[in-house]
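K.L.:
The file below is final21.csv, CSV, C-alpha atoms:
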chain,number,residue,atom,x,y,z
A,8,MET,CA,111.9,125.2,-243.4
A,9,THR,CA,109.9,126.1,-240.3
A,10,GLU,CA,106.9,124.1,-239.0
A,11,ASN,CA,104.5,126.8,-240.3
A,12,THR,CA,105.7,126.6,-243.9
A,13,ARG,CA,105.1,124.1,-246.7
A,14,ALA,CA,107.5,123.0,-249.4
A,15,ASP,CA,105.4,124.8,-252.0
A,16,ASP,CA,104.4,128.0,-250.2
A,17,TRP,CA,107.0,130.0,-252.2
A,18,GLN,CA,104.6,129.6,-255.1
A,19,PRO,CA,102.1,132.4,-256.1
A,20,THR,CA,98.5,131.8,-255.2
A,21,ALA,CA,97.4,133.0,-258.7
A,22,THR,CA,98.4,131.0,-261.7
A,23,ILE,CA,100.7,132.7,-264.3
A,24,ALA,CA,97.8,132.6,-266.7
A,25,THR,CA,95.6,134.5,-264.2
A,26,LEU,CA,98.3,137.1,-263.7
A,27,ARG,CA,98.5,137.7,-267.4
A,28,GLU,CA,94.7,138.2,-267.4
A,29,ARG,CA,95.1,140.6,-264.4
A,30,ALA,CA,97.7,142.6,-266.4
A,31,ARG,CA,95.3,142.8,-269.4
A,32,LEU,CA,92.4,144.1,-267.1
A,33,LEU,CA,94.7,146.7,-265.6
A,34,ALA,CA,95.5,147.9,-269.1
A,35,THR,CA,91.8,148.0,-269.8
A,36,ILE,CA,91.3,150.2,-266.7
A,37,ARG,CA,94.1,152.6,-267.8
A,38,ALA,CA,92.7,152.8,-271.3
A,39,PHE,CA,89.2,153.6,-269.9
A,40,PHE,CA,90.6,156.7,-268.2
A,41,ALA,CA,92.9,157.7,-270.9
A,42,ALA,CA,90.0,157.9,-273.3
A,43,ARG,CA,88.3,160.3,-270.9
A,44,GLY,CA,91.2,162.6,-270.4
A,45,VAL,CA,91.8,161.6,-266.8
A,46,LEU,CA,95.4,162.0,-265.7
A,47,GLU,CA,97.2,159.0,-264.2
A,48,VAL,CA,99.2,160.0,-261.1
A,49,GLU,CA,101.5,158.4,-258.6
A,50,THR,CA,101.6,159.5,-254.9
A,51,PRO,CA,103.5,158.2,-251.9
A,52,ILE,CA,102.4,155.1,-250.0
A,53,LEU,CA,103.9,156.7,-246.9
A,54,GLY,CA,102.6,159.9,-245.3
A,55,HIS,CA,103.0,162.0,-242.2
A,56,GLY,CA,99.3,161.6,-241.5
A,57,GLY,CA,97.2,158.4,-241.6
A,58,SER,CA,93.5,157.5,-241.7
A,59,THR,CA,91.8,158.6,-238.5
A,60,ASP,CA,88.7,156.5,-239.5
A,61,PRO,CA,87.7,154.7,-236.3
A,62,HIS,CA,86.8,151.6,-238.3
A,63,LEU,CA,90.2,151.3,-240.1
A,64,ASP,CA,93.5,150.3,-238.6
A,65,SER,CA,96.5,152.0,-240.2
A,66,LEU,CA,100.0,150.6,-240.2
A,67,SER,CA,103.0,152.8,-239.3
A,68,LEU,CA,106.7,152.7,-239.2
A,69,THR,CA,109.6,154.8,-237.9
A,70,ALA,CA,112.0,156.1,-240.5
A,71,THR,CA,115.1,158.3,-240.7
A,72,THR,CA,114.0,161.5,-242.5
A,73,PRO,CA,115.7,164.8,-243.2
A,74,ALA,CA,114.0,166.0,-240.0
A,75,GLY,CA,115.3,163.0,-238.0
A,76,ARG,CA,113.4,159.9,-236.8
A,77,LYS,CA,109.7,160.2,-237.7
A,78,ARG,CA,106.7,158.1,-237.6
A,79,LEU,CA,105.2,157.6,-241.1
A,80,TRP,CA,101.9,156.0,-242.0
A,81,LEU,CA,101.2,153.5,-244.7
A,82,GLN,CA,98.2,154.9,-246.6
A,83,THR,CA,94.9,153.1,-246.4
A,84,SER,CA,94.1,154.8,-249.7
A,85,PRO,CA,95.8,157.5,-251.8
A,86,GLU,CA,92.9,160.0,-251.0
A,87,PHE,CA,94.8,162.6,-249.0
A,88,HIS,CA,97.7,163.0,-251.5
A,89,MET,CA,95.3,163.0,-254.5
A,90,LYS,CA,93.2,165.7,-253.0
A,91,ARG,CA,96.3,167.8,-252.5
A,92,LEU,CA,96.9,167.4,-256.2
A,93,LEU,CA,93.4,168.6,-256.9
A,94,ALA,CA,94.0,171.7,-254.8
A,95,ALA,CA,97.2,172.3,-256.8
A,96,GLY,CA,95.2,172.4,-260.0
A,97,SER,CA,95.7,168.9,-261.4
A,98,GLY,CA,92.2,168.5,-262.9
A,99,PRO,CA,90.7,165.0,-263.0
A,100,VAL,CA,93.1,162.3,-261.8
A,101,PHE,CA,93.2,158.6,-261.2
A,102,GLN,CA,95.6,156.1,-259.6
A,103,LEU,CA,96.1,152.4,-259.2
A,104,ALA,CA,97.6,152.5,-255.7
A,105,ARG,CA,99.1,150.0,-253.3
A,106,SER,CA,97.1,150.5,-250.0
A,107,PHE,CA,97.4,148.9,-246.6
A,108,ARG,CA,94.9,148.1,-243.8
A,109,ASP,CA,95.9,146.2,-240.7
A,110,GLY,CA,94.0,143.0,-239.8
A,111,GLU,CA,92.2,142.7,-243.1
A,112,VAL,CA,92.9,139.2,-244.3
A,113,GLY,CA,90.3,136.8,-245.7
A,114,ARG,CA,88.5,135.7,-248.9
A,115,ARG,CA,87.7,139.3,-249.7
A,116,HIS,CA,90.5,141.1,-247.9
A,117,ASN,CA,94.3,141.4,-247.8
A,118,ILE,CA,96.5,143.7,-245.7
A,119,GLU,CA,98.1,145.0,-248.9
A,120,PHE,CA,95.8,145.5,-251.9
A,121,THR,CA,95.3,147.6,-255.0
A,122,MET,CA,93.0,150.5,-254.9
A,123,LEU,CA,91.7,152.3,-257.9
A,124,GLU,CA,90.8,155.9,-256.9
A,125,TRP,CA,89.7,158.7,-259.1
A,126,TYR,CA,88.5,162.3,-258.7
A,127,ARG,CA,86.3,164.4,-261.0
A,128,PRO,CA,86.1,168.1,-260.3
A,129,ASP,CA,82.6,169.5,-261.0
A,130,LEU,CA,81.1,166.1,-261.5
A,131,SER,CA,77.9,165.2,-259.6
A,132,LEU,CA,77.6,162.1,-257.5
A,133,THR,CA,75.0,160.7,-259.9
A,134,ALA,CA,77.3,161.2,-262.9
A,135,LEU,CA,80.1,159.5,-261.0
A,136,ILE,CA,77.9,156.5,-260.2
A,137,ASP,CA,77.2,156.3,-264.0
A,138,GLU,CA,81.0,156.4,-264.7
A,139,CYS,CA,81.5,153.6,-262.1
A,140,GLU,CA,78.9,151.5,-264.0
A,141,ALA,CA,80.6,152.2,-267.3
A,142,LEU,CA,84.0,151.0,-265.9
A,143,ILE,CA,82.6,147.9,-264.4
A,144,ARG,CA,80.9,147.0,-267.7
A,145,GLU,CA,84.2,147.6,-269.5
A,146,VAL,CA,86.1,145.2,-267.2
A,147,LEU,CA,83.5,142.4,-266.8
A,148,PRO,CA,83.2,139.8,-269.6
A,149,THR,CA,79.4,139.6,-269.4
A,150,ASP,CA,76.5,142.0,-268.8
A,151,PRO,CA,76.0,142.4,-265.0
A,152,GLY,CA,72.5,143.6,-265.4
A,153,PRO,CA,70.9,147.1,-264.9
A,154,LEU,CA,72.2,149.8,-262.5
A,155,ARG,CA,69.8,150.4,-259.6
A,156,GLN,CA,70.0,153.2,-257.0
A,157,ARG,CA,68.9,151.9,-253.6
A,158,ARG,CA,68.4,154.2,-250.6
A,159,TYR,CA,70.1,153.0,-247.4
A,160,ARG,CA,66.9,153.8,-245.4
A,161,GLU,CA,64.6,151.9,-247.7
A,162,LEU,CA,66.9,148.8,-247.7
A,163,PHE,CA,66.5,148.6,-243.9
A,164,ARG,CA,62.8,149.1,-244.1
A,165,GLU,CA,62.4,146.4,-246.7
A,166,ALA,CA,64.8,143.8,-245.1
A,167,LEU,CA,64.3,144.4,-241.4
A,168,ASP,CA,61.1,146.6,-241.1
A,169,VAL,CA,63.0,149.3,-239.2
A,170,ASP,CA,64.0,152.9,-240.0
A,171,PRO,CA,67.7,153.1,-239.4
A,172,PHE,CA,67.5,156.8,-238.6
A,173,MET,CA,64.5,156.8,-236.3
A,174,THR,CA,64.6,153.5,-234.5
A,175,SER,CA,65.8,153.8,-230.9
A,176,LEU,CA,69.3,152.6,-230.1
A,177,ALA,CA,67.9,150.1,-227.6
A,178,ASP,CA,65.8,148.5,-230.3
A,179,LEU,CA,68.8,148.5,-232.7
A,180,ARG,CA,71.0,146.8,-230.1
A,181,ARG,CA,68.3,144.2,-229.5
A,182,LEU,CA,67.9,143.5,-233.2
A,183,ALA,CA,71.6,143.4,-233.9
A,184,GLY,CA,72.2,141.1,-231.0
A,185,GLN,CA,69.6,138.7,-232.3
A,186,VAL,CA,70.9,138.7,-235.9
A,187,GLY,CA,74.5,138.5,-235.0
A,188,GLU,CA,74.1,136.3,-231.9
A,189,LEU,CA,76.3,138.7,-230.0
A,190,ALA,CA,76.1,140.9,-227.0
A,191,MET,CA,75.5,144.3,-228.4
A,192,ASP,CA,74.6,146.1,-225.1
A,193,ASP,CA,77.5,148.5,-225.4
A,194,ALA,CA,77.4,149.0,-229.2
A,195,ASP,CA,76.9,152.4,-230.7
A,196,ARG,CA,74.3,153.2,-233.4
A,197,ASP,CA,76.7,152.8,-236.3
A,198,GLY,CA,78.0,149.5,-234.9
A,199,CYS,CA,74.5,148.1,-234.8
A,200,LEU,CA,73.7,149.4,-238.3
A,201,ASP,CA,77.0,148.0,-239.7
A,202,LEU,CA,76.3,144.5,-238.3
A,203,LEU,CA,72.7,144.5,-239.7
A,204,MET,CA,74.0,145.8,-243.0
A,205,SER,CA,76.7,143.2,-243.3
A,206,PHE,CA,74.7,140.2,-242.0
A,207,VAL,CA,71.3,140.8,-243.6
A,208,ILE,CA,71.4,143.4,-246.4
A,209,GLU,CA,74.8,143.2,-248.2
A,210,PRO,CA,74.5,139.5,-249.2
A,211,GLN,CA,71.4,140.3,-251.2
A,212,LEU,CA,72.8,143.4,-253.0
A,213,GLY,CA,74.0,143.3,-256.6
A,214,ARG,CA,72.0,140.2,-257.5
A,215,GLY,CA,70.8,140.5,-261.0
A,216,GLY,CA,72.3,144.0,-261.4
A,217,ILE,CA,74.6,146.7,-260.1
A,218,ASP,CA,73.3,148.2,-256.9
A,219,ALA,CA,74.4,151.7,-255.9
A,220,VAL,CA,73.4,152.3,-252.2
A,221,VAL,CA,73.0,156.1,-251.5
A,222,ASP,CA,72.1,158.4,-248.6
A,223,TYR,CA,74.0,156.7,-245.7
A,224,PRO,CA,73.6,158.0,-242.2
A,225,ALA,CA,75.3,161.4,-241.6
A,226,SER,CA,77.5,159.8,-238.9
A,227,GLN,CA,79.1,157.7,-241.7
A,228,ALA,CA,79.9,160.6,-243.9
A,229,ALA,CA,83.7,160.2,-243.4
A,230,LEU,CA,85.2,162.7,-246.0
A,231,ALA,CA,81.9,163.3,-247.8
A,232,ARG,CA,79.6,166.3,-247.7
A,233,LYS,CA,76.2,166.1,-245.9
A,234,ARG,CA,72.8,166.9,-247.2
A,235,LEU,CA,69.2,166.8,-246.1
A,236,ASP,CA,66.9,163.8,-246.9
A,237,PRO,CA,64.0,165.2,-248.9
A,238,GLU,CA,61.7,162.7,-247.2
A,239,ASP,CA,61.8,164.5,-243.8
A,240,GLY,CA,64.9,166.7,-243.6
A,241,VAL,CA,67.1,164.2,-241.7
A,242,GLU,CA,70.8,164.8,-242.5
A,243,VAL,CA,72.4,162.1,-244.6
A,244,ALA,CA,75.9,161.5,-246.1
A,245,ALA,CA,76.3,162.5,-249.8
A,246,ARG,CA,78.0,159.2,-250.7
A,247,PHE,CA,77.4,155.9,-252.3
A,248,GLU,CA,78.6,152.3,-252.3
A,249,ILE,CA,78.5,150.0,-255.3
A,250,TYR,CA,77.7,146.3,-254.9
A,251,LEU,CA,77.7,143.4,-257.3
A,252,HIS,CA,77.1,139.7,-256.4
A,253,GLY,CA,76.9,140.6,-252.7
A,254,LEU,CA,80.4,142.2,-252.8
A,255,GLU,CA,81.1,145.8,-252.0
A,256,LEU,CA,83.2,147.1,-254.9
A,257,ALA,CA,83.4,150.9,-254.6
A,258,ASN,CA,82.8,153.8,-252.2
A,259,GLY,CA,82.2,157.3,-253.6
A,260,TYR,CA,81.8,160.8,-252.1
A,261,ASP,CA,80.5,164.2,-252.9
A,262,GLU,CA,83.9,165.4,-251.6
A,263,LEU,CA,84.1,167.6,-248.5
A,264,THR,CA,86.0,170.8,-249.3
A,265,ASP,CA,85.6,172.8,-246.1
A,266,ALA,CA,88.9,172.8,-244.2
A,267,ALA,CA,87.5,173.6,-240.8
A,268,GLU,CA,84.9,170.9,-241.1
A,269,GLN,CA,87.6,168.4,-242.2
A,270,ALA,CA,89.8,169.3,-239.2
A,271,SER,CA,86.8,168.9,-236.9
A,272,ARG,CA,86.0,165.4,-238.3
A,273,PHE,CA,89.6,164.3,-237.9
A,274,ALA,CA,89.5,165.4,-234.2
A,275,GLU,CA,86.2,163.6,-233.6
A,276,ASP,CA,87.5,160.5,-235.3
A,277,ASN,CA,90.4,160.4,-232.8
A,278,ARG,CA,88.1,161.0,-229.9
A,279,GLN,CA,86.1,158.0,-231.1
A,280,ARG,CA,89.2,155.9,-231.5
A,281,THR,CA,90.1,156.7,-227.8
A,282,THR,CA,86.6,155.6,-226.7
A,283,LEU,CA,87.1,152.3,-228.6
A,284,GLY,CA,90.5,151.7,-227.0
A,285,LYS,CA,92.3,152.3,-230.3
A,286,PRO,CA,95.4,154.5,-230.7
A,287,ALA,CA,95.1,158.0,-232.1
A,288,VAL,CA,96.4,158.5,-235.6
A,289,ASP,CA,98.4,161.5,-236.7
A,290,VAL,CA,96.2,164.0,-238.7
A,291,ASP,CA,97.2,164.9,-242.2
A,292,ARG,CA,97.7,168.6,-241.7
A,293,ARG,CA,98.8,169.1,-245.2
A,294,LEU,CA,95.4,168.0,-246.5
A,295,VAL,CA,93.7,170.6,-244.2
A,296,ALA,CA,96.1,173.2,-245.6
A,297,ALA,CA,95.3,172.2,-249.2
A,298,LEU,CA,91.5,172.5,-248.4
A,299,GLU,CA,92.2,176.0,-246.9
A,300,HIS,CA,94.0,176.9,-250.2
A,301,GLY,CA,90.9,175.7,-252.1
A,302,MET,CA,90.0,172.3,-253.6
A,303,PRO,CA,87.5,172.4,-256.4
A,304,ALA,CA,84.1,170.9,-255.6
A,305,GLY,CA,83.5,167.5,-257.2
A,306,SER,CA,83.2,163.8,-256.6
A,307,GLY,CA,85.6,160.9,-256.0
A,308,VAL,CA,85.5,157.2,-255.6
A,309,ALA,CA,87.7,154.3,-254.4
A,310,LEU,CA,87.2,150.9,-256.0
A,311,GLY,CA,88.8,147.6,-254.9
A,312,VAL,CA,90.6,146.4,-258.0
A,313,ASP,CA,91.4,142.9,-256.6
A,314,ARG,CA,87.7,142.3,-256.0
A,315,LEU,CA,86.7,143.6,-259.4
A,316,ILE,CA,89.2,141.3,-261.1
A,317,GLN,CA,88.0,138.4,-258.9
A,318,LEU,CA,84.5,138.9,-260.3
A,319,ALA,CA,85.8,139.4,-263.9
A,320,LEU,CA,87.7,136.1,-263.8
A,321,ASN,CA,85.1,134.2,-261.8
A,322,ARG,CA,87.4,133.3,-258.9
A,323,GLU,CA,86.4,132.5,-255.4
A,324,SER,CA,88.8,134.7,-253.5
A,325,ILE,CA,91.1,137.7,-254.1
A,326,ALA,CA,94.1,135.4,-253.3
A,327,GLU,CA,93.4,133.7,-256.6
A,328,VAL,CA,94.0,136.9,-258.5
A,329,MET,CA,97.1,138.1,-256.5
A,330,ALA,CA,100.6,136.8,-256.8
A,331,PHE,CA,101.5,136.8,-253.1
A,332,PRO,CA,98.7,137.6,-250.6
A,333,THR,CA,99.8,138.3,-247.0
A,334,PRO,CA,100.1,134.7,-245.8
A,335,ARG,CA,102.7,134.1,-248.6
A,336,CYS,CA,104.4,137.5,-248.8
Could you express the structure from this file as structure tokens?

P.N.:
Amino acid sequence: MTENTRADDWQPTATIATLRERARLLATIRAFFAARGVLEVETPILGHGGSTDPHLDSLSLTATTPAGRKRLWLQTSPEFHMKRLLAAGSGPVFQLARSFRDGEVGRRHNIEFTMLEWYRPDLSLTALIDECEALIREVLPTDPGPLRQRRYRELFREALDVDPFMTSLADLRRLAGQVGELAMDDADRDGCLDLLMSFVIEPQLGRGGIDAVVDYPASQAALARKRLDPEDGVEVAARFEIYLHGLELANGYDELTDAAEQASRFAEDNRQRTTLGKPAVDVDRRLVAALEHGMPAGSGVALGVDRLIQLALNRESIAEVMAFPTPRC
């Protein structure tokens, strides 16, 4: 036994009774989609491309493949592979997938975790929000309260008296520095907004109901389409996030289907990663090829299963609903 291990650290962090409850809730999720005719699929946890998102850190490994030694990426979500299935004509699909994000360990995070992801061709973003609500109600043992759509812009106005789209970067840096008690002189706009969102706004979301935050800044569109804010024509991301009890549960998109735009966003992501001092990530060129072939328009969402189960079983951390989180794996 090393100095960093304890005599009992071979034990699971969740009780066996909790793991039985977890299995029951996973069966509930599968039954939810089976009743709606959504096909369960399995896709690889390894890929030749990884997530270029500047705010995510992908894990990779080198493996012997038929083409020789190659770097493969552990997937931060099953999104790319599932979109290739959509382009191949799968119709609506869902997956309970093992996913990986480096450095994410804490009460709400684990490097390896379970992601529920599903895609609905021809379904609007509003209809997908409603389906998320229905699933959450199916899994939780008590009524979480009403569903409320909250505009990102309005949340900042109400909580901080600033317009996140119009306030100058200098003012955002000053405000974020005060709130976070950090030096934000070199922070970009999204860095300031993310800090203010996580420190001030997120803890209040999902209190007394399910909050669906919509109309994020266009710079945070990721793999979502963009649209114009009817208030003043500012471009916003056609995406949402679901919050309950101050916890982010799900992230949904009106999915981008334009191959050229997707390739451009991948390249811009890697430019941002270089600026941030992070390594570039191999682009998933097969996803771009699938979009060139043609992926049907529709919506998709990723939901953190461990967090949802944590709420359903009234536990304090996701480690209490997982057998072996990263510190004990």

K.L.:
Which is closest to Arg280 of chain A among A:Thr59, A:Thr35, A:Thr20, A:Thr25, if we use only C-alpha atoms?

P.N.:
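Once distances to Arg280 of chain A are computed over only C-alpha atoms, the minimum belongs to A:Thr59.
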
K.L.:
Extract, using all atoms listed in the file, all DNA, RNA and protein residues at most 7 Å from Leu68 of chain A, discarding same-chain residues fewer than 2 positions from it, and format them as an mmCIF file with C-alpha atoms, keeping the file's coordinate frame.

P.N.:
data_model
loop_
_atom_site.group_PDB
_atom_site.id
_atom_site.type_symbol
_atom_site.label_atom_id
_atom_site.label_comp_id
_atom_site.auth_asym_id
_atom_site.auth_seq_id
_atom_site.Cartn_x
_atom_site.Cartn_y
_atom_site.Cartn_z
ATOM 1 C CA ALA A 70 112.000 156.100 -240.500
ATOM 2 C CA ARG A 78 106.700 158.100 -237.600
ATOM 3 C CA LEU A 79 105.200 157.600 -241.100
ATOM 4 C CA TRP A 80 101.900 156.000 -242.000
#

K.L.:
Return the single residue from A:Ser97, A:Thr69, A:Asn258, A:Gln185 that is closest to Met302 of chain A, with distances computed using only C-alpha atoms.

P.N.:
A:Ser97

K.L.:
What's the separation between atom CA of Arg13 of chain A and atom CA of Phe107 of chain A, in Å to one decimal place?

P.N.:
26.0 Å

K.L.:
Pick out the closest residue to Asp261 of chain A from this set: A:Val308, A:Val220, A:Ile249, A:Met329. Count only C-alpha atoms.

P.N.:
A:Val308

K.L.:
For a test of reading the model, state the distance in Å between atom CA of Glu138 of chain A and atom CA of Arg43 of chain A, rounded to one decimal.

P.N.:
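Taking atom CA of Glu138 of chain A and atom CA of Arg43 of chain A, their separation equals 10.3 Å.
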
K.L.:
Arg91 of chain A: which residues within 10 Å, counting all atoms listed in the file, same-chain residues fewer than 2 positions away excluded, as a ChimeraX atom specification?

P.N.:
/A:86-89,93-97,293-298,300-302

K.L.:
Counting all atoms listed in the file, which residues of segment 279-330 of chain A sit at most 12 Å from some atom of segment 190-210 of chain A, and what is each one's closest atom pair with its distance in Å to one decimal, listed by chain and rising residue number, as a tab-separated table?

P.N.:
residue	atom	partner	partner_atom	distance
A:Gln279	CA	A:Asp195	CA	10.8
A:Thr282	CA	A:Asp195	CA	11.0
A:Leu283	CA	A:Ala194	CA	10.3

K.L.:
Can I get the selected residues back with C-alpha atoms, as a compact mmCIF listing (two decimals), in the frame of the given file?

P.N.:
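Written output follows (out_4.txt):
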# COMPACT_ATOMS: atom_id res chain seq x y z
CA GLN A 279 86.10 158.00 -231.10
CA THR A 282 86.60 155.60 -226.70
CA LEU A 283 87.10 152.30 -228.60

K.L.:
So that I can check the surroundings of Trp17 of chain A, please list as a PyMOL selection string every protein, DNA and RNA residue that reaches within 12 Å of it, counting only C-alpha atoms and ignoring chain neighbours fewer than 4 positions away.

P.N.:
chain A and resi 8+12-13+21+330-332+334-336

K.L.:
Give me a file of those residues, with C-alpha atoms, as a PDB file, in the frame of the given file.

P.N.:
ATOM      1  CA  MET A   8     111.900 125.200-243.400  1.00  0.00           C
ATOM      2  CA  THR A  12     105.700 126.600-243.900  1.00  0.00           C
ATOM      3  CA  ARG A  13     105.100 124.100-246.700  1.00  0.00           C
ATOM      4  CA  ALA A  21      97.400 133.000-258.700  1.00  0.00           C
ATOM      5  CA  ALA A 330     100.600 136.800-256.800  1.00  0.00           C
ATOM      6  CA  PHE A 331     101.500 136.800-253.100  1.00  0.00           C
ATOM      7  CA  PRO A 332      98.700 137.600-250.600  1.00  0.00           C
ATOM      8  CA  PRO A 334     100.100 134.700-245.800  1.00  0.00           C
ATOM      9  CA  ARG A 335     102.700 134.100-248.600  1.00  0.00           C
ATOM     10  CA  CYS A 336     104.400 137.500-248.800  1.00  0.00           C
TER      11      CYS A 336
END

K.L.:
Between atom CA of Leu162 of chain A and atom CA of Asp60 of chain A, measure the distance and give it in Å to one decimal.

P.N.:
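Interatomic distance here is 24.5 Å.
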
K.L.:
Here is a test: counting all atoms listed in the file, which residue of A:Ala266, A:Leu53, A:Leu147, A:Ala74 is nearest to Arg29 of chain A?

P.N.:
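Of A:Ala266, A:Leu53, A:Leu147, A:Ala74, the one nearest Arg29 of chain A, counting all atoms listed in the file, is A:Leu147.
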
K.L.:
For a quick check of your reading of the model, name the residues lying within 9 Å of the coordinate (79.4, 161.6, -248.3), counting all atoms listed in the file, and write them as a PyMOL selection string.

P.N.:
chain A and resi 222-223+225+227-234+243-247+259-263
